[in-house]
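J.: I am attaching a structure below and will ask some questions about it afterwards.
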Amino acid sequence: MRRLVLSFIGLMLGLAPPAPAGTFQQAPIAPDLGIPAITRGVTRQLLGRDVFSSPWATVTISHIDLYDRFPYVETRNFQIVSDPQWNRLVCGQPGSGLVAFDGSGTSLGPLAGPRGLAVDDHDRVYVADTDHDRIVVLQAQTEYDDITLAPAFTITGLHAPYAVAWSDGGTPFVPDDDVLYVADTGSNRVLAYSVGDRSARLIASTGSLGSGTNAFAGPMAIAVGRSNGVNTPDVYVADAHNRRIVQLHLATSGFQWIGAVHVDDAVVTSLDTDHWGSVYASGPQQGVVRKFNASLEPVAELCDSLSRPRAFSVPFSIVTDHRDGSVHRAGQPDAVSVEQWADQSGIRLWNLGVSIDGLVVNGGDAPNAHFMLTDPSTLSLETDDAVTGRVIAQRGLGAYTPGVHDVALLPADLSGLGHSSSVTLRLAATSRYSGGPTAVALANFQANGSGEVVLPTRPMLAGCTPNPMRGSTVIAFALPLDPGGRVNLSVLDAGGRRIRTFPRVFAAGSNQVLWDGTDDDGRAVRPGLYFCRLEVGSASYSRRVAVLR
């Protein structure tokens with residue numbers, strides 16, 4: 001391993017500070033120096049050279065040790081980044097220099113196009129050495145601020161493997177059932193290996209060229225399911241040319257096909273899962289990281305400030321409590337994105353928080369609060385008199401998973417209104433990560449004081465979810481029983497020109513309309529700022545929506 005005296009770059013390797021509310025929040029890499037990210041421009045300015053040519057993927061080796069005496073807590077975090085263009089891995093820890101590993105002078109020989117990376121709970125690093133048609137397994141040794149990588153063994157007989165994912169088999173720190181999954185891109189297969197200290201044995205295989213069940217066309221990324229930090233038998237595969245993410249399940253009899261969801265991205269180059277099993281998919285050509293829940297229902301998007309993101313990796317730490325001898329592996333509420341290496345883009349840090357999107361209150365015989373939750377959270381509900389601000393009712397709702405939810409409103413939530421009919425619903429979600437942030441969403445509606453939601457007294461335009469949008473967005477609004485005139489919903493461009501109309505009759509109460517980002521002629525609109533306009537008689541209401549591509 002060759003050492004690079006670049007101690008400044010080690011700043012990128014620390015975990016991010018506590019997250020504010022919001023699904024994704026960028027965390028500056030060096031706030032004291034005013035540096036938001038490690039980019040080609042930054043390294044050239046401060047170091048006089050490049051660190052990468054074309055970074056592709058990243059993994060974290062992290063250890064947290066707890067003691068009953070000083071220093072109480074010790075943390076070691078090492079980041080490893082693959083660079084297929086310079087045929088090497090770059091490794092380092094905060095505040096120390098970096099080392100480069102290219103395989104030269106070892107029993108492996110030089111690496112050739114290393115791309116996908118994975119790491120297990122014994123600090124073994126798995127490298128998709130794509131151009132050599134093999135998986136390279138390296139044993140990492142860490143001490144203080146030093147890291148070394150030593151060859152362990154290789155897996156051969158592959159054809160241009162692009163990605164790897166390691167599973168603890170559902171039993172952390174018990175190596176007997178560990179599994180390594182490989183996206184063997186060139187042969188359109190997904191493989192599963194039982195891995196040991198010095199070798200690996202093929203235990204399952206599925207795939208051939210095609211677009212149907214049990215077929216792939218360029219599987220380029222792979223990830224393993226998780227539940228509360230422990231791996232599940234679920235496997236997620238990004239099937240590039242079919243533009244889908246496939247969900248598999250590894251059973252005793254082999255792979256089982258669970259299903260697939262379509263994605264708009266031309267190519268998904270990275271998949272990863274967090275502590276709770278949410279799936280993150282990187283689409284470099286569209287400049288987006290999409291977040292799904294474990295059932296592959298879309299829950300959030302990260303698209304601002306990204307430049308061709310190739311990977312989005314959630315770090316896990318091995319936590320050793322020397323006070324009682326316990327050891328566990330915990331996902332952190334942080335992530336590292338790998339983007340194209342350019343003057344303004346490269347490596348960034350992100351906080352993972354929580355967001356409540358699209359909160360509306362639906363009336364009728366069974367009134368409920370309807371919303372999208374982006375992360376596992378503990379929810380609480382409060383209703384207030386919208387005129388006086390007086391609290392009507394409060395109650396905890398318990399733990400909720402990411403996805404779309406409906407929470408029934410009880411008579412006790414609304415019966416203390418008195419003479420008022422205007423209610424504000426306050427929904428709070430606290431992230432289930434330790435010390436996680438709390439997000440709050442508000443919705444106004446009308447109630448009659450006896451536990452029933454009534455129609456609003458005036459039109460209300462809630463806005464669009466998601467916003468910004470890439471593929472589509474939902475426009476939400478509510479109408480009174482007698483709106484007072486003709487109701488029209490349309491989309492205007494920044495110049496005020498009407499580009500899309502929705503010629504339909506809208507009902508009293510809550511309404512939701514899907515806009516697919518096209519104009520009245522079916523053509524996709526250009527990126528930019530647009531306005532959703534609700535016209536009711538002589539009155540009009542507008543909300544902004546940003547379109548990204």
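As shown in the structure tokens, the chain order sets the letters A, B, ...; within each chain, residues go from 1, and ligands are also counted from 1 in the order they appear.
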Please provide the set of residues having any atom within 8 Å of stretch 115-127 of chain A, restricted to only C-alpha atoms, with same-chain residues fewer than 5 positions apart removed, written as an MDAnalysis selection string.

T.: chainID A and resid 56:61 82:84 135:141 162:168 172:173 221 318 329

J.: Find the residues near A:Ala429: any atom within 6 Å, counting only C-alpha atoms, skip ones fewer than 6 places away on the same chain, and give them as a list of chain:residue names.

T.: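 Returned residues: A:Ser377, A:Thr378, A:Leu379, A:Thr438, A:Ala439.
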
J.: Restricting it to C-alpha atoms, dump the selection as an mmCIF file, in the first residue's frame.

T.:
```
data_model
loop_
_atom_site.group_PDB
_atom_site.id
_atom_site.type_symbol
_atom_site.label_atom_id
_atom_site.label_comp_id
_atom_site.auth_asym_id
_atom_site.auth_seq_id
_atom_site.Cartn_x
_atom_site.Cartn_y
_atom_site.Cartn_z
ATOM 1 C CA SER A 377 -40.462 7.097 13.287
ATOM 2 C CA THR A 378 -42.485 7.412 16.458
ATOM 3 C CA LEU A 379 -45.548 9.564 15.764
ATOM 4 C CA THR A 438 -38.292 15.374 14.836
ATOM 5 C CA ALA A 439 -40.247 16.527 11.790
#
```

J.: Write down as JSON, numbers by chain the residues belonging to stretch 225-408 of chain A that are assigned strand (DSSP E) by DSSP computed on the backbone.

T.: {"A": [225, 226, 227, 230, 231, 232, 233, 234, 235, 236, 237, 238, 239, 244, 245, 246, 247, 248, 249, 250, 251, 254, 255, 256, 257, 258, 259, 260, 261, 262, 270, 271, 272, 273, 279, 280, 281, 282, 283, 288, 289, 290, 291, 292, 298, 299, 300, 301, 302, 311, 312, 313, 316, 317, 318, 319, 320, 321, 326, 327, 328, 329, 330, 331, 334, 335, 336, 337, 338, 339, 340, 341, 342, 345, 346, 347, 348, 349, 350, 351, 352, 356, 357, 358, 359, 360, 361, 362, 368, 369, 370, 371, 372, 373, 377, 378, 379, 380, 381, 382, 383, 384, 385, 391, 392, 393, 394, 395, 396, 397, 398, 399, 400, 403, 404, 405, 406, 407, 408]}

J.: I need the chosen residues saved as a CSV table (one decimal), in the first residue's frame, with C-alpha atoms.

T.:
```csv
chain,number,residue,atom,x,y,z
A,225,GLY,CA,-32.3,-6.4,3.0
A,226,ARG,CA,-32.1,-5.4,6.7
A,227,SER,CA,-34.4,-5.3,9.7
A,230,VAL,CA,-29.7,-7.4,10.9
A,231,ASN,CA,-29.7,-8.8,7.4
A,232,THR,CA,-32.8,-10.5,6.0
A,233,PRO,CA,-32.9,-13.0,3.1
A,234,ASP,CA,-34.1,-10.2,0.7
A,235,VAL,CA,-31.9,-9.2,-2.1
A,236,TYR,CA,-32.3,-6.1,-4.3
A,237,VAL,CA,-30.9,-5.9,-7.8
A,238,ALA,CA,-30.7,-2.9,-10.2
A,239,ASP,CA,-31.5,-4.3,-13.6
A,244,ARG,CA,-36.2,-1.8,-12.9
A,245,ILE,CA,-35.2,-2.8,-9.4
A,246,VAL,CA,-35.9,-6.5,-8.7
A,247,GLN,CA,-36.5,-8.0,-5.3
A,248,LEU,CA,-35.3,-11.5,-4.7
A,249,HIS,CA,-35.4,-13.8,-1.6
A,250,LEU,CA,-32.8,-16.4,-0.9
A,251,ALA,CA,-34.4,-19.6,0.4
A,254,GLY,CA,-32.3,-21.0,-4.2
A,255,PHE,CA,-33.5,-17.6,-5.3
A,256,GLN,CA,-37.2,-16.8,-5.3
A,257,TRP,CA,-38.4,-13.9,-7.4
A,258,ILE,CA,-40.6,-11.6,-5.3
A,259,GLY,CA,-41.2,-8.8,-7.8
A,260,ALA,CA,-39.9,-5.7,-9.5
A,261,VAL,CA,-40.6,-1.9,-9.8
A,262,HIS,CA,-39.9,0.3,-12.7
A,270,SER,CA,-25.6,1.7,-6.7
A,271,LEU,CA,-28.0,0.2,-4.2
A,272,ASP,CA,-27.7,0.3,-0.4
A,273,THR,CA,-29.9,-0.3,2.6
A,279,VAL,CA,-33.3,1.1,-0.1
A,280,TYR,CA,-31.3,3.9,-1.7
A,281,ALA,CA,-30.8,3.8,-5.5
A,282,SER,CA,-28.3,6.1,-7.3
A,283,GLY,CA,-29.2,7.2,-10.9
A,288,VAL,CA,-30.9,11.6,-8.4
A,289,VAL,CA,-30.8,9.2,-5.4
A,290,ARG,CA,-34.2,7.6,-4.9
A,291,LYS,CA,-35.3,6.2,-1.6
A,292,PHE,CA,-37.7,3.2,-1.3
A,298,PRO,CA,-41.0,5.2,-3.3
A,299,VAL,CA,-40.8,7.5,-0.3
A,300,ALA,CA,-38.3,10.3,-1.1
A,301,GLU,CA,-35.8,11.7,-3.6
A,302,LEU,CA,-32.5,13.5,-3.2
A,311,ALA,CA,-23.1,5.6,-5.2
A,312,PHE,CA,-24.9,6.4,-1.9
A,313,SER,CA,-23.5,4.4,1.0
A,316,PHE,CA,-22.5,0.7,9.8
A,317,SER,CA,-20.5,0.7,13.0
A,318,ILE,CA,-19.4,-2.3,15.1
A,319,VAL,CA,-20.2,-1.2,18.7
A,320,THR,CA,-18.3,-3.0,21.4
A,321,ASP,CA,-19.4,-2.3,25.0
A,326,SER,CA,-21.7,-7.0,24.2
A,327,VAL,CA,-21.1,-6.4,20.5
A,328,HIS,CA,-23.6,-5.3,17.9
A,329,ARG,CA,-23.6,-3.7,14.5
A,330,ALA,CA,-25.6,-0.5,14.1
A,331,GLY,CA,-26.4,1.6,11.0
A,334,ASP,CA,-25.5,9.3,7.9
A,335,ALA,CA,-24.5,8.6,4.3
A,336,VAL,CA,-21.7,9.2,1.9
A,337,SER,CA,-22.4,10.1,-1.8
A,338,VAL,CA,-19.9,9.5,-4.6
A,339,GLU,CA,-20.4,11.8,-7.6
A,340,GLN,CA,-18.5,12.5,-10.7
A,341,TRP,CA,-15.0,13.9,-10.0
A,342,ALA,CA,-15.2,17.5,-11.1
A,345,SER,CA,-18.5,17.6,-7.2
A,346,GLY,CA,-16.9,14.5,-5.7
A,347,ILE,CA,-17.5,13.1,-2.2
A,348,ARG,CA,-20.3,14.5,0.1
A,349,LEU,CA,-21.7,13.7,3.6
A,350,TRP,CA,-25.4,13.6,4.3
A,351,ASN,CA,-27.5,13.4,7.4
A,352,LEU,CA,-30.5,11.0,7.3
A,356,ILE,CA,-43.8,14.0,6.6
A,357,ASP,CA,-45.0,14.8,3.1
A,358,GLY,CA,-48.5,15.5,1.7
A,359,LEU,CA,-50.4,15.7,5.0
A,360,VAL,CA,-54.1,16.1,4.3
A,361,VAL,CA,-57.3,15.4,6.4
A,362,ASN,CA,-60.0,13.5,4.7
A,368,ASN,CA,-58.4,10.4,8.8
A,369,ALA,CA,-55.0,12.0,8.4
A,370,HIS,CA,-53.3,10.9,5.1
A,371,PHE,CA,-49.6,11.4,4.7
A,372,MET,CA,-46.3,9.9,3.4
A,373,LEU,CA,-43.6,9.1,6.0
A,377,SER,CA,-40.5,7.1,13.3
A,378,THR,CA,-42.5,7.4,16.5
A,379,LEU,CA,-45.5,9.6,15.8
A,380,SER,CA,-47.7,11.8,17.9
A,381,LEU,CA,-50.8,13.8,17.0
A,382,GLU,CA,-52.2,17.0,18.3
A,383,THR,CA,-55.3,19.0,17.4
A,384,ASP,CA,-55.5,22.7,18.0
A,385,ASP,CA,-58.2,25.4,17.7
A,391,VAL,CA,-54.8,22.6,22.3
A,392,ILE,CA,-57.8,20.3,21.9
A,393,ALA,CA,-56.3,16.9,22.2
A,394,GLN,CA,-52.9,15.1,22.2
A,395,ARG,CA,-52.0,11.4,21.8
A,396,GLY,CA,-49.1,9.2,20.9
A,397,LEU,CA,-49.5,7.0,17.8
A,398,GLY,CA,-46.5,4.6,18.3
A,399,ALA,CA,-44.0,3.4,15.8
A,400,TYR,CA,-44.6,3.7,12.0
A,403,GLY,CA,-44.6,4.7,3.3
A,404,VAL,CA,-48.2,6.0,2.9
A,405,HIS,CA,-50.4,5.9,6.0
A,406,ASP,CA,-53.9,6.8,7.1
A,407,VAL,CA,-54.5,7.6,10.8
A,408,ALA,CA,-58.1,7.6,12.0
```

J.: Pick out the closest residue to A:Gln85 from this set: A:Ser54, A:Gln512, A:Thr106, A:Ser205. Count only C-alpha atoms.

T.: A:Ser54

J.: Name all residues at most 9 Å from A:Ser538 (count only C-alpha atoms; drop same-chain ones fewer than 5 positions away) and give them as a list in words.

T.: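 Within the cut-off, the hits are Gly484, Gly485 and Arg486 of chain A.
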
J.: With C-alpha atoms retained, export the selected residues as an mmCIF file, in the first residue's frame.

T.:
```cif
data_model
loop_
_atom_site.group_PDB
_atom_site.id
_atom_site.type_symbol
_atom_site.label_atom_id
_atom_site.label_comp_id
_atom_site.auth_asym_id
_atom_site.auth_seq_id
_atom_site.Cartn_x
_atom_site.Cartn_y
_atom_site.Cartn_z
ATOM 1 C CA GLY A 484 -68.924 29.737 -5.446
ATOM 2 C CA GLY A 485 -68.088 29.291 -9.105
ATOM 3 C CA ARG A 486 -66.449 27.116 -11.713
#
```

J.: Kindly give the distance, in Å, that separates atom CA of A:Gln285 and atom CA of A:Leu514, rounded to a single decimal.

T.: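 It comes out at 24.5 Å.
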